[in-house]
Amino acid sequence: MSDFSRRSFLRGSAALGAAGALGSLFPWLSARAAGDRIPRLVLFYTPHGTVWNRWRPTGTESSFAFSPILAPLEGFRDRLVVLDGLRMNNPYDHRVPHTYDFPALWSGSPIDLDSEWFRRPDHGVTFGWNLGTTVDQALAARRDPAITPFPTVELGIGCVGAHPATRMIYSGPYKPKHPVDDPVAAYTHLFSSLSETAGERARRKSVLDAVRGELATVQSGLSASDRARLDAHATALREVEYSLSGGVECDDPDQPSGGGLDVAVDQQLDLMAAALGCRLTDVISFQHRVADNDGSLYPWVGIESGGHHSTSHDTSEAAQDRLAELYTWYSRRFARLLAALDAIPDGDGYSVLDNSLVIWGTEISQGWNHGLDNIPFVVAGGACGRMQGNRWLQPSGMAHNRLLVSACHYMGFDEVETYGMTDTGSGGVPGLIV
Amino acid sequence: MRRSLLLLTLLASCGGAAPADDDTAGTRPVAEPCTPPDHGAPVPLRRLTRTQIERTLAALTDVVTPVPVSDEVLIGYRANTSASIDASTARTVLLATEGLAAAYAGPASEGCEVDTCAEVVLDLAEPRLFRRPLTAEQRAPYRAVYEAGVAEGGKEEGVRWLLEAMFQSPRMLYFIEETTPDGDLDGYSLAQRLSYALWSSPPDEELLAAAASGELHTDEGLRRQAVRMMEDSRFVWGLNEFVVQWLGLDDLDDPTERPDLFALPEGTREAMRREPVLFFADQVASGGGVEDLLTETHVPMEPMLAEIYGDDLLGASDGLTALDPTRRAGILTLPGVLAAHSHARQTSPTRRGKTVLEQLLCDPPPPPPSDVTPELPPETEGGTTRERLAAHLDNPACSSCHASMDGIGFTYEKLDELGRTRALDAGRPIDTSASFFISGYRVDVDGAVDMADVLSVEPDVAECVARHWGRYSLGILEDDDGACVAEEMGAVASGPDGLKEMLLHHITSPWFRRPAPAGEES
C-alpha cells in the first residue's frame with residue numbers, strides 16, 4: 001500500500017466520525033493531525049545472551065531461513081532485521097560480567113568502578129551505578145516533556161532489588177529508574193489517571209506541589225550526590241504531575257488479574273502496547289527478570305532445577321537444548337508484543353508497529369563464557385517506513401553504540417553521531433535506518 | 001588487616017582458603033589494636049524501607065497500609081542509600097496512601113474547627129510521621145495545602161489534603177538528619193537512627209521526649225533508652241529485619257524454588273522463618289553472647305515445628321523447648337536456617353558452607369570461574385549428596401574454594417533440606433566429618449555440634465556478626481573505621497550480656513551517634 005492510499009484511508013475513516021471504523025477505543029486518533037507518523041521506541045530485554053547455533057539464521061542477507069529460536073518471528077519478517085555482529089565495548093576485566101554489562105546495554109557507558117557503593121567481596125571488587133544515560137532517557141530528555149503524559153515508561157517482570165545487576169535504565173549517572181514489575185501496579189501507574197476526575201486531578205496537583213516545595217527545604221547539609229537524588233525525586237514528582245494533565249482520552253485496557261510470572265509477562269506486554277497505542281508515551285522499555293543472575297526456573301521449557309543462569313553455564317548438549325527452548329519462549333513473547341502493537345491502528349492506515357522501532361537485546365553474547373563479541377540483537381517494526389525489513393545483517397567488529405545512534409536517528413535526532421562513553425566510532429548501523 | 005592482605009593473591013581471595021605455606025601449627029599473631037574513630041559513619045541520605053514506611057504510617061493511623069515500593073539491597077541489607085525516588089515509586093506512594101488519608105481525615109478532623117484543624121493535625125502527626133517537630137516556617141506549606149483543601153470542600157477535605165502531603169513528604173520518606181551547633185547529631189536524628197534500627201519503626205513518645213530533653217546526648221541517657229527499647233516488644237520487629245537478612249531467610253518465601261516448603265502444613269514455613277528471630281531475641285534478653293547464639297539448645301517454642309524436630313525435642317518449659325544437644329546447637333541448626341540454604345528435595349552443603357563463610361566469618365568465596373560448568377551429576381545417579389559433590393573436589397579449579405565451602409556444609413548433612421534429623425542419605429550412612437581452613441587455620445570437625453563449638457570460640461565470628469549489625473543498622477558497608485568499631489563490638493560480644501552489650505557499644509560509639517566529618521558523607 002502506498003503512502004497515498006493510506007492517507008485516503010484516514011480521510012475516509014475521519015469522515016465516519018468518532019464512532020466510525022476505529023471505534024471509541026482510540027478516540028485520540030481523530031484529534032491527531034493527519035499525515036504525521038509518530039515514531040515510538042521500544043527496548044526489550046531478556047537475560048543471558050542466546051544459544052548461537054539455534055539463533056543464527058541460515059542463508060544470505062536478504063534470503064535466509066529463521067533458526068529455531070527466531071522462528072516465532074517469521075510473521076514479522078518484512079519488518080524485522082536480525083543484527084548479528086555488534087560487540088559490546090566494555091573496558092573492564094570481567095570480574096562481575098553480568099553486572100558490568102547490563103547497565104551498558106542501552107547506555108553504551110560503563111558503571112563506576114571508582115565507587116564503593118556496591119561491593120562484591122566474593123570478587124574483591126567495588127563499583128557504583130552506571131555513569132551514563134540510557135538512550136530512551138536521553139531521547140526523552142531532549143523532547144518536550146509534556147508531549148506525552150509519560151516521558152518514558154519502564155516495565156518489567158521479576159526485577160527484584162535495586163542494584164546495577166537489576167536496573168538497566170538510567171536517566172543520568174547514578175540515576176537508575178525502577179521498572180514497574182507487577183502488572184496490577186503497572187496498570188495503575190499507566191491508566192489510573194485516565195479515570196480520575198477533575199477534582200482528583202486538582203487535589204493531587206496541589207498536594208504534589210506542596211511535596212515538591214518541601215523537597216527544596218530539606219537539602220541543607222547534604223552531600224552533592226544526596227542533593228542530586230532529591231533533585232531526581234523532584235523531577236519524578238513533576239513527571240507524575242504531567243501525567244495528571246488529563247490530555248489523553250483513551251479507554252482503559254482490561255485490568256490484569258493475578259497469575260504466575262509467565263502469565264504476567266504477557267500482561268505487561270499488552271499494557272505496553274496499549275500505552276503506546278493511547279500515546280501515554282512514545283518511549284517504553286521492558287525488562288525480563290535480572291542480569292546478575294537470573295536464577296529463575298522455567299519449568300514450562302524444562303528448566304526445572306538449577307535456574308537459568310546455572311543452565312547458561314552448562315555447555316552440555318542437553319543444557320543448551322533447554323536454554324534454546326527458553327530463548328524460543330522469549331522469542332514468542334517478543335512476537336506477542338509485535339502482534340499486539342500491530343493490532344492497534346495508528347492513523348493513516350498504519351499500525352503502531354508500523355511506526356515503532358522495537359529493539360530486543362541482552363547483556364552478553366552467551367552465558368558459558370560471558371562473551372561480548374557479538375550481542376544478539378533483533379530490530380523490529382516498520383520504523384515509520386525508515387527501516388527495510390527482511391534482512392540478516394552481519395556487521396563485523398562494530399560496537400553496539402552504533403545501534404543506539406540508530407535509535408536516536410529514528411527518533412528524530414539525526415545529528416547524533418556517537419552514543420555513550422564507550423563509543424569509539426560514529427554514525428548509526430550502516431543502512432539500518434534510512 | 002587480614003582480609004586486605006588476602007586479596008593480594010588470587011588463591012587467597014578464596015573464602016576459607018588454605019594459607020600459602022600451610023602453616024597450621026603456629027599460634028595466632030596478636031593483631032595490633034586499631035584506633036576507633038571519634039567521628040560518625042559516612043551515612044548517605046537514606047530513604048525508609050517499605051517496612052519502615054508502613055510502620056511509620058501505622059504509628060499515626062493504627063492501620064497497616066501496604067506501600068509496595070521496592071527497596072535497594074546494596075550490601076546484603078535493604079537500605080535505600082543510593083537510588084532516588086523515581087516517578088513510578090512516587091506514584092506508588094501517592095496511590096497507596098491516598099486511601100489512608102481519606103479514611104483518616106474524618107476521625108482526625110472531628111473535634112477541631114476549620115481554623116484550628118491544620119495545627120491540631122500537625123501537632124498530632126508531626127512527631128509520628130516526621131519524627132521531629134517543625135518550625136512555624138516549615139509548617140507553612142502544609143497550612144497552605146490544608147487551606148486549598150478547605151476551599152474545595154471544608155475542614156475534612158482540608159485535613160485529607162494535608163495528610164496526603166504529609167504521607168508523601170520527604171520528611172516522612174527520608175532519614176532527615178540535623179546537627180547541633182557543636183557538630184553532633186541532634187536528639188531527634190539520633191532517636192530515629194535508634195528506633196528504626198532497634199524497632200524498624202519510628203520513635204515513640206518517650207524516645208522523642210528524651211530527644212527533646214537532651215537525654216540522648218549523655219552516655220547514661222542514651223544507654224538507658226536503648227536498653228528500654230531492647231526490652232520493648234517492638235525490638236522483635238527490628239531483629240526480624242536484621243536476622244532475616246543476615247541469615248538469608250527470605251529464601252524460604254520463594255514458591256518456585258521451594259515447592260517443598262509450600263507443601264508443608266499451614267504455618268510451618270512461617271514458624272521456620274520466625275524461630276531464628278525469636279531465638280536471637282531470647283539470647284539478647286537472657287544475657288547471652290555470640291557463643292550462646294551458636295551453641296544454645298533451648299529454643300523458643302514453635303508448636304508447628306514439632307514434626308520437623310521429631311525425636312530431637314526433649315521437652316519444654318518456660319516457653320522454651322529443649323533440643324537434643326548431641327544433634328542441635330545454636331542458631332545455625334534451626335530448621336529455618338538449614339532449609340533456607342537448601343534446594344527443594346535436597347540439601348546444599350555448598351550453600352550452607354557459603355553462608356557460614358559469608359555471614360559468620362565475613363570471608364566469602366568468589367563465584368565459580370567462568371570457564372567452569374557448575375553442574376553436578378544428577379540425583380538419579382545415586383549416591384549421597386556428599387558423594388555427588390565429590391566432583392567439586394576432584395577438579396583443582398573448584399577444590400581451592402569448595403574444600404572449605406563444601407567441607408563446612410558437610411558437617412550439617414545429618415540435617416536435611418527441611419532441617420529434620422536424618423541418619424541416611426540415599427539409603428547410605430552419612431559422613432559429617434570434614435577438614436578445612438577457617439581464617440587461615442586448619443580445623444577438623446565432625447558434625448553440626450562440633451562445628452558450632454569451633455565457630456563459637458572463633459574471634460572472627462563475633463566480629464563478623466558485629467559487622468553485619470553495623471551494615472544493617474547504618475545501611476553502609478564498613479570501611480576501616482567501621483571495621484575497628486566492629487572489632488571492639490566483637491570483643492564485647494564475648495563478655496557477660498554479650499549480645500546486648502555489643503549492640504549498646506555500637507549505639508554509644510561516636511560512629512553511630514555522631515555525623516560524618518563535613519564533606520565525607522557518601
# chains A, B, ... in the order shown; residues from 1 in each chain; ligands from 1
$ residues_around --residues "segment 209-224 of chain B" --least-positions-apart "6" --cutoff "12 Å" --atoms "only C-alpha atoms" --output "PyMOL selection string"
chain B and resi 127+131-133+180+182+184-195+203+230-231+500-501+503-510+512-514
$ closest_atom_pairs --of "chain A" --to "chain B" --cutoff "6 Å" --atoms "only C-alpha atoms" --output "tab-separated table"
residue	atom	partner	partner_atom	distance
A:Phe118	CA	B:Leu74	CA	5.6
A:Asp122	CA	B:Pro366	CA	3.9
A:His123	CA	B:Pro366	CA	5.2
A:Gly161	CA	B:Glu72	CA	5.3
A:Ala162	CA	B:Glu72	CA	4.2
A:Val207	CA	B:Ala165	CA	5.2
A:Val211	CA	B:Ser169	CA	5.5
A:Arg229	CA	B:Ser84	CA	4.8
A:His233	CA	B:Ile85	CA	4.9
A:Ala236	CA	B:Ala87	CA	4.2
A:Val240	CA	B:Ala87	CA	6.0
A:His313	CA	B:Thr373	CA	5.6
A:Asp314	CA	B:Thr373	CA	5.1
A:Asn369	CA	B:Ser370	CA	6.0
$ residues_around --residues "Ala71 of chain A" --least-positions-apart "3" --cutoff "9 Å" --atoms "only C-alpha atoms" --output "list in words"
Trp55, Ala65, Phe66, Ser67, Pro68, Glu74, Gly75, Thr328, Ser331 and Arg332 of chain A
$ closest_residue --among "A:Thr217, A:Thr133, A:Thr235, A:Asn90" --to "Trp106 of chain A" --atoms "only C-alpha atoms"
A:Thr133
$ residues_around --residues "segment 307-313 of chain B" --least-positions-apart "2" --cutoff "7 Å" --atoms "only C-alpha atoms" --output "PDB file with N, CA and C atoms, in the first residue's frame"
ATOM      1  N   LEU B 305       6.704 -26.623  64.581  1.00  0.00           N
ATOM      2  CA  LEU B 305       7.966 -27.251  64.184  1.00  0.00           C
ATOM      3  C   LEU B 305       8.191 -28.607  64.855  1.00  0.00           C
ATOM      4  N   GLY B 315      11.905 -31.754  75.509  1.00  0.00           N
ATOM      5  CA  GLY B 315      10.931 -31.310  76.496  1.00  0.00           C
ATOM      6  C   GLY B 315      10.758 -29.823  76.402  1.00  0.00           C
ATOM      7  N   ALA B 322      13.584 -27.683  74.773  1.00  0.00           N
ATOM      8  CA  ALA B 322      14.956 -28.204  74.842  1.00  0.00           C
ATOM      9  C   ALA B 322      15.187 -29.159  73.682  1.00  0.00           C
ATOM     10  N   LEU B 323      16.277 -28.928  72.961  1.00  0.00           N
ATOM     11  CA  LEU B 323      16.616 -29.791  71.834  1.00  0.00           C
ATOM     12  C   LEU B 323      17.767 -30.704  72.220  1.00  0.00           C
ATOM     13  N   ASP B 324      17.863 -31.837  71.526  1.00  0.00           N
ATOM     14  CA  ASP B 324      18.917 -32.810  71.786  1.00  0.00           C
ATOM     15  C   ASP B 324      20.293 -32.181  71.513  1.00  0.00           C
ATOM     16  N   GLY B 419      15.473 -29.324  57.526  1.00  0.00           N
ATOM     17  CA  GLY B 419      16.029 -29.188  58.867  1.00  0.00           C
ATOM     18  C   GLY B 419      15.697 -30.353  59.776  1.00  0.00           C
ATOM     19  N   ARG B 420      15.261 -31.491  59.194  1.00  0.00           N
ATOM     20  CA  ARG B 420      14.971 -32.681  60.000  1.00  0.00           C
ATOM     21  C   ARG B 420      16.247 -33.502  60.178  1.00  0.00           C
TER      22      ARG B 420
END
$ residues_around --residues "Leu341 of chain A" --least-positions-apart "3" --cutoff "12 Å" --atoms "only C-alpha atoms" --output "JSON, numbers by chain"
{"A": [40, 41, 42, 76, 269, 270, 271, 272, 273, 274, 275, 276, 277, 278, 334, 335, 336, 337, 338, 344, 345, 346, 350, 351, 352, 353, 354, 355, 356, 357, 358, 380, 381, 382]}
$ write_last_selection --atoms "N, CA and C atoms" --output "CSV table (one decimal), in the first residue's frame"
chain,number,residue,atom,x,y,z
A,40,ARG,N,7.8,5.6,17.7
A,40,ARG,CA,7.8,5.1,19.0
A,40,ARG,C,9.1,4.2,19.1
A,41,LEU,N,9.7,4.2,20.3
A,41,LEU,CA,10.9,3.4,20.5
A,41,LEU,C,10.6,2.4,21.7
A,42,VAL,N,10.9,1.2,21.4
A,42,VAL,CA,10.6,0.1,22.5
A,42,VAL,C,12.0,-0.6,22.7
A,76,PHE,N,6.7,-11.6,11.1
A,76,PHE,CA,7.1,-10.2,11.0
A,76,PHE,C,8.3,-9.9,10.2
A,269,LEU,N,3.2,-7.0,28.5
A,269,LEU,CA,3.4,-6.6,27.1
A,269,LEU,C,2.2,-6.0,26.5
A,270,ASP,N,1.0,-6.5,26.9
A,270,ASP,CA,-0.3,-6.0,26.4
A,270,ASP,C,-0.5,-4.5,27.0
A,271,LEU,N,-0.1,-4.3,28.2
A,271,LEU,CA,-0.2,-3.0,28.8
A,271,LEU,C,0.8,-2.0,28.0
A,272,MET,N,2.0,-2.5,27.7
A,272,MET,CA,2.9,-1.7,26.9
A,272,MET,C,2.3,-1.3,25.6
A,273,ALA,N,1.7,-2.2,24.9
A,273,ALA,CA,1.1,-1.9,23.6
A,273,ALA,C,0.0,-0.9,23.8
A,274,ALA,N,-0.8,-1.1,24.8
A,274,ALA,CA,-2.0,-0.2,25.0
A,274,ALA,C,-1.5,1.2,25.3
A,275,ALA,N,-0.4,1.3,26.1
A,275,ALA,CA,0.1,2.6,26.5
A,275,ALA,C,0.7,3.3,25.3
A,276,LEU,N,1.3,2.6,24.4
A,276,LEU,CA,1.8,3.2,23.2
A,276,LEU,C,0.7,3.6,22.2
A,277,GLY,N,-0.3,2.7,22.2
A,277,GLY,CA,-1.5,2.9,21.3
A,277,GLY,C,-2.2,4.2,21.8
A,278,CYS,N,-2.4,4.3,23.1
A,278,CYS,CA,-3.1,5.5,23.6
A,278,CYS,C,-2.2,6.8,23.6
A,334,PHE,N,8.3,-11.9,22.4
A,334,PHE,CA,8.7,-10.8,21.6
A,334,PHE,C,7.7,-10.7,20.4
A,335,ALA,N,7.4,-11.9,19.9
A,335,ALA,CA,6.4,-11.9,18.8
A,335,ALA,C,5.0,-11.5,19.3
A,336,ARG,N,4.7,-11.8,20.5
A,336,ARG,CA,3.4,-11.4,21.0
A,336,ARG,C,3.3,-9.9,21.1
A,337,LEU,N,4.4,-9.3,21.6
A,337,LEU,CA,4.5,-7.8,21.7
A,337,LEU,C,4.3,-7.2,20.3
A,338,LEU,N,5.0,-7.7,19.3
A,338,LEU,CA,4.9,-7.2,18.0
A,338,LEU,C,3.5,-7.3,17.5
A,344,ILE,N,-3.0,-2.5,16.8
A,344,ILE,CA,-3.5,-1.2,17.2
A,344,ILE,C,-3.4,-0.2,16.0
A,345,PRO,N,-4.5,0.3,15.5
A,345,PRO,CA,-4.3,1.3,14.4
A,345,PRO,C,-3.7,2.6,14.8
A,346,ASP,N,-3.0,3.2,14.0
A,346,ASP,CA,-2.2,4.4,14.4
A,346,ASP,C,-2.4,5.5,13.4
A,350,TYR,N,-1.8,2.9,9.2
A,350,TYR,CA,-0.7,2.2,9.7
A,350,TYR,C,-1.1,1.6,11.1
A,351,SER,N,-0.3,0.7,11.5
A,351,SER,CA,-0.4,0.2,12.9
A,351,SER,C,0.7,0.8,13.8
A,352,VAL,N,0.5,0.7,15.1
A,352,VAL,CA,1.5,1.2,16.0
A,352,VAL,C,2.9,0.5,15.7
A,353,LEU,N,2.8,-0.7,15.3
A,353,LEU,CA,4.1,-1.4,15.0
A,353,LEU,C,4.7,-0.8,13.7
A,354,ASP,N,3.9,-0.4,12.8
A,354,ASP,CA,4.5,0.3,11.6
A,354,ASP,C,5.3,1.5,12.0
A,355,ASN,N,4.9,2.1,13.1
A,355,ASN,CA,5.6,3.4,13.5
A,355,ASN,C,6.5,3.2,14.6
A,356,SER,N,6.9,2.0,14.9
A,356,SER,CA,7.7,1.7,16.0
A,356,SER,C,9.1,1.1,15.6
A,357,LEU,N,10.1,1.3,16.5
A,357,LEU,CA,11.4,0.6,16.4
A,357,LEU,C,11.5,-0.2,17.6
A,358,VAL,N,11.5,-1.5,17.5
A,358,VAL,CA,11.4,-2.3,18.7
A,358,VAL,C,12.8,-3.1,18.7
A,380,ALA,N,12.9,-4.7,15.2
A,380,ALA,CA,11.7,-5.0,14.5
A,380,ALA,C,10.8,-3.7,14.5
A,381,GLY,N,9.8,-3.8,13.6
A,381,GLY,CA,8.9,-2.6,13.5
A,381,GLY,C,9.0,-2.0,12.1
A,382,GLY,N,8.0,-1.3,11.7
A,382,GLY,CA,8.1,-0.6,10.4
A,382,GLY,C,8.9,0.6,10.5
$ closest_residue --among "A:Glu363, A:Glu61, A:Asp294, A:Glu196" --to "Tyr100 of chain A" --atoms "only C-alpha atoms"
A:Glu363
$ atom_distance --atom1 "atom CA of Asp112 of chain A" --atom2 "atom CA of Ala228 of chain A"
16.4 Å
$ residues_around --residues "segment 236-241 of chain B" --least-positions-apart "6" --cutoff "12 Å" --atoms "only C-alpha atoms" --output "number ranges by chain"
B: 49-52, 55, 76-79, 193-202, 229-230, 247-250, 273-285, 468-469, 471-473, 503
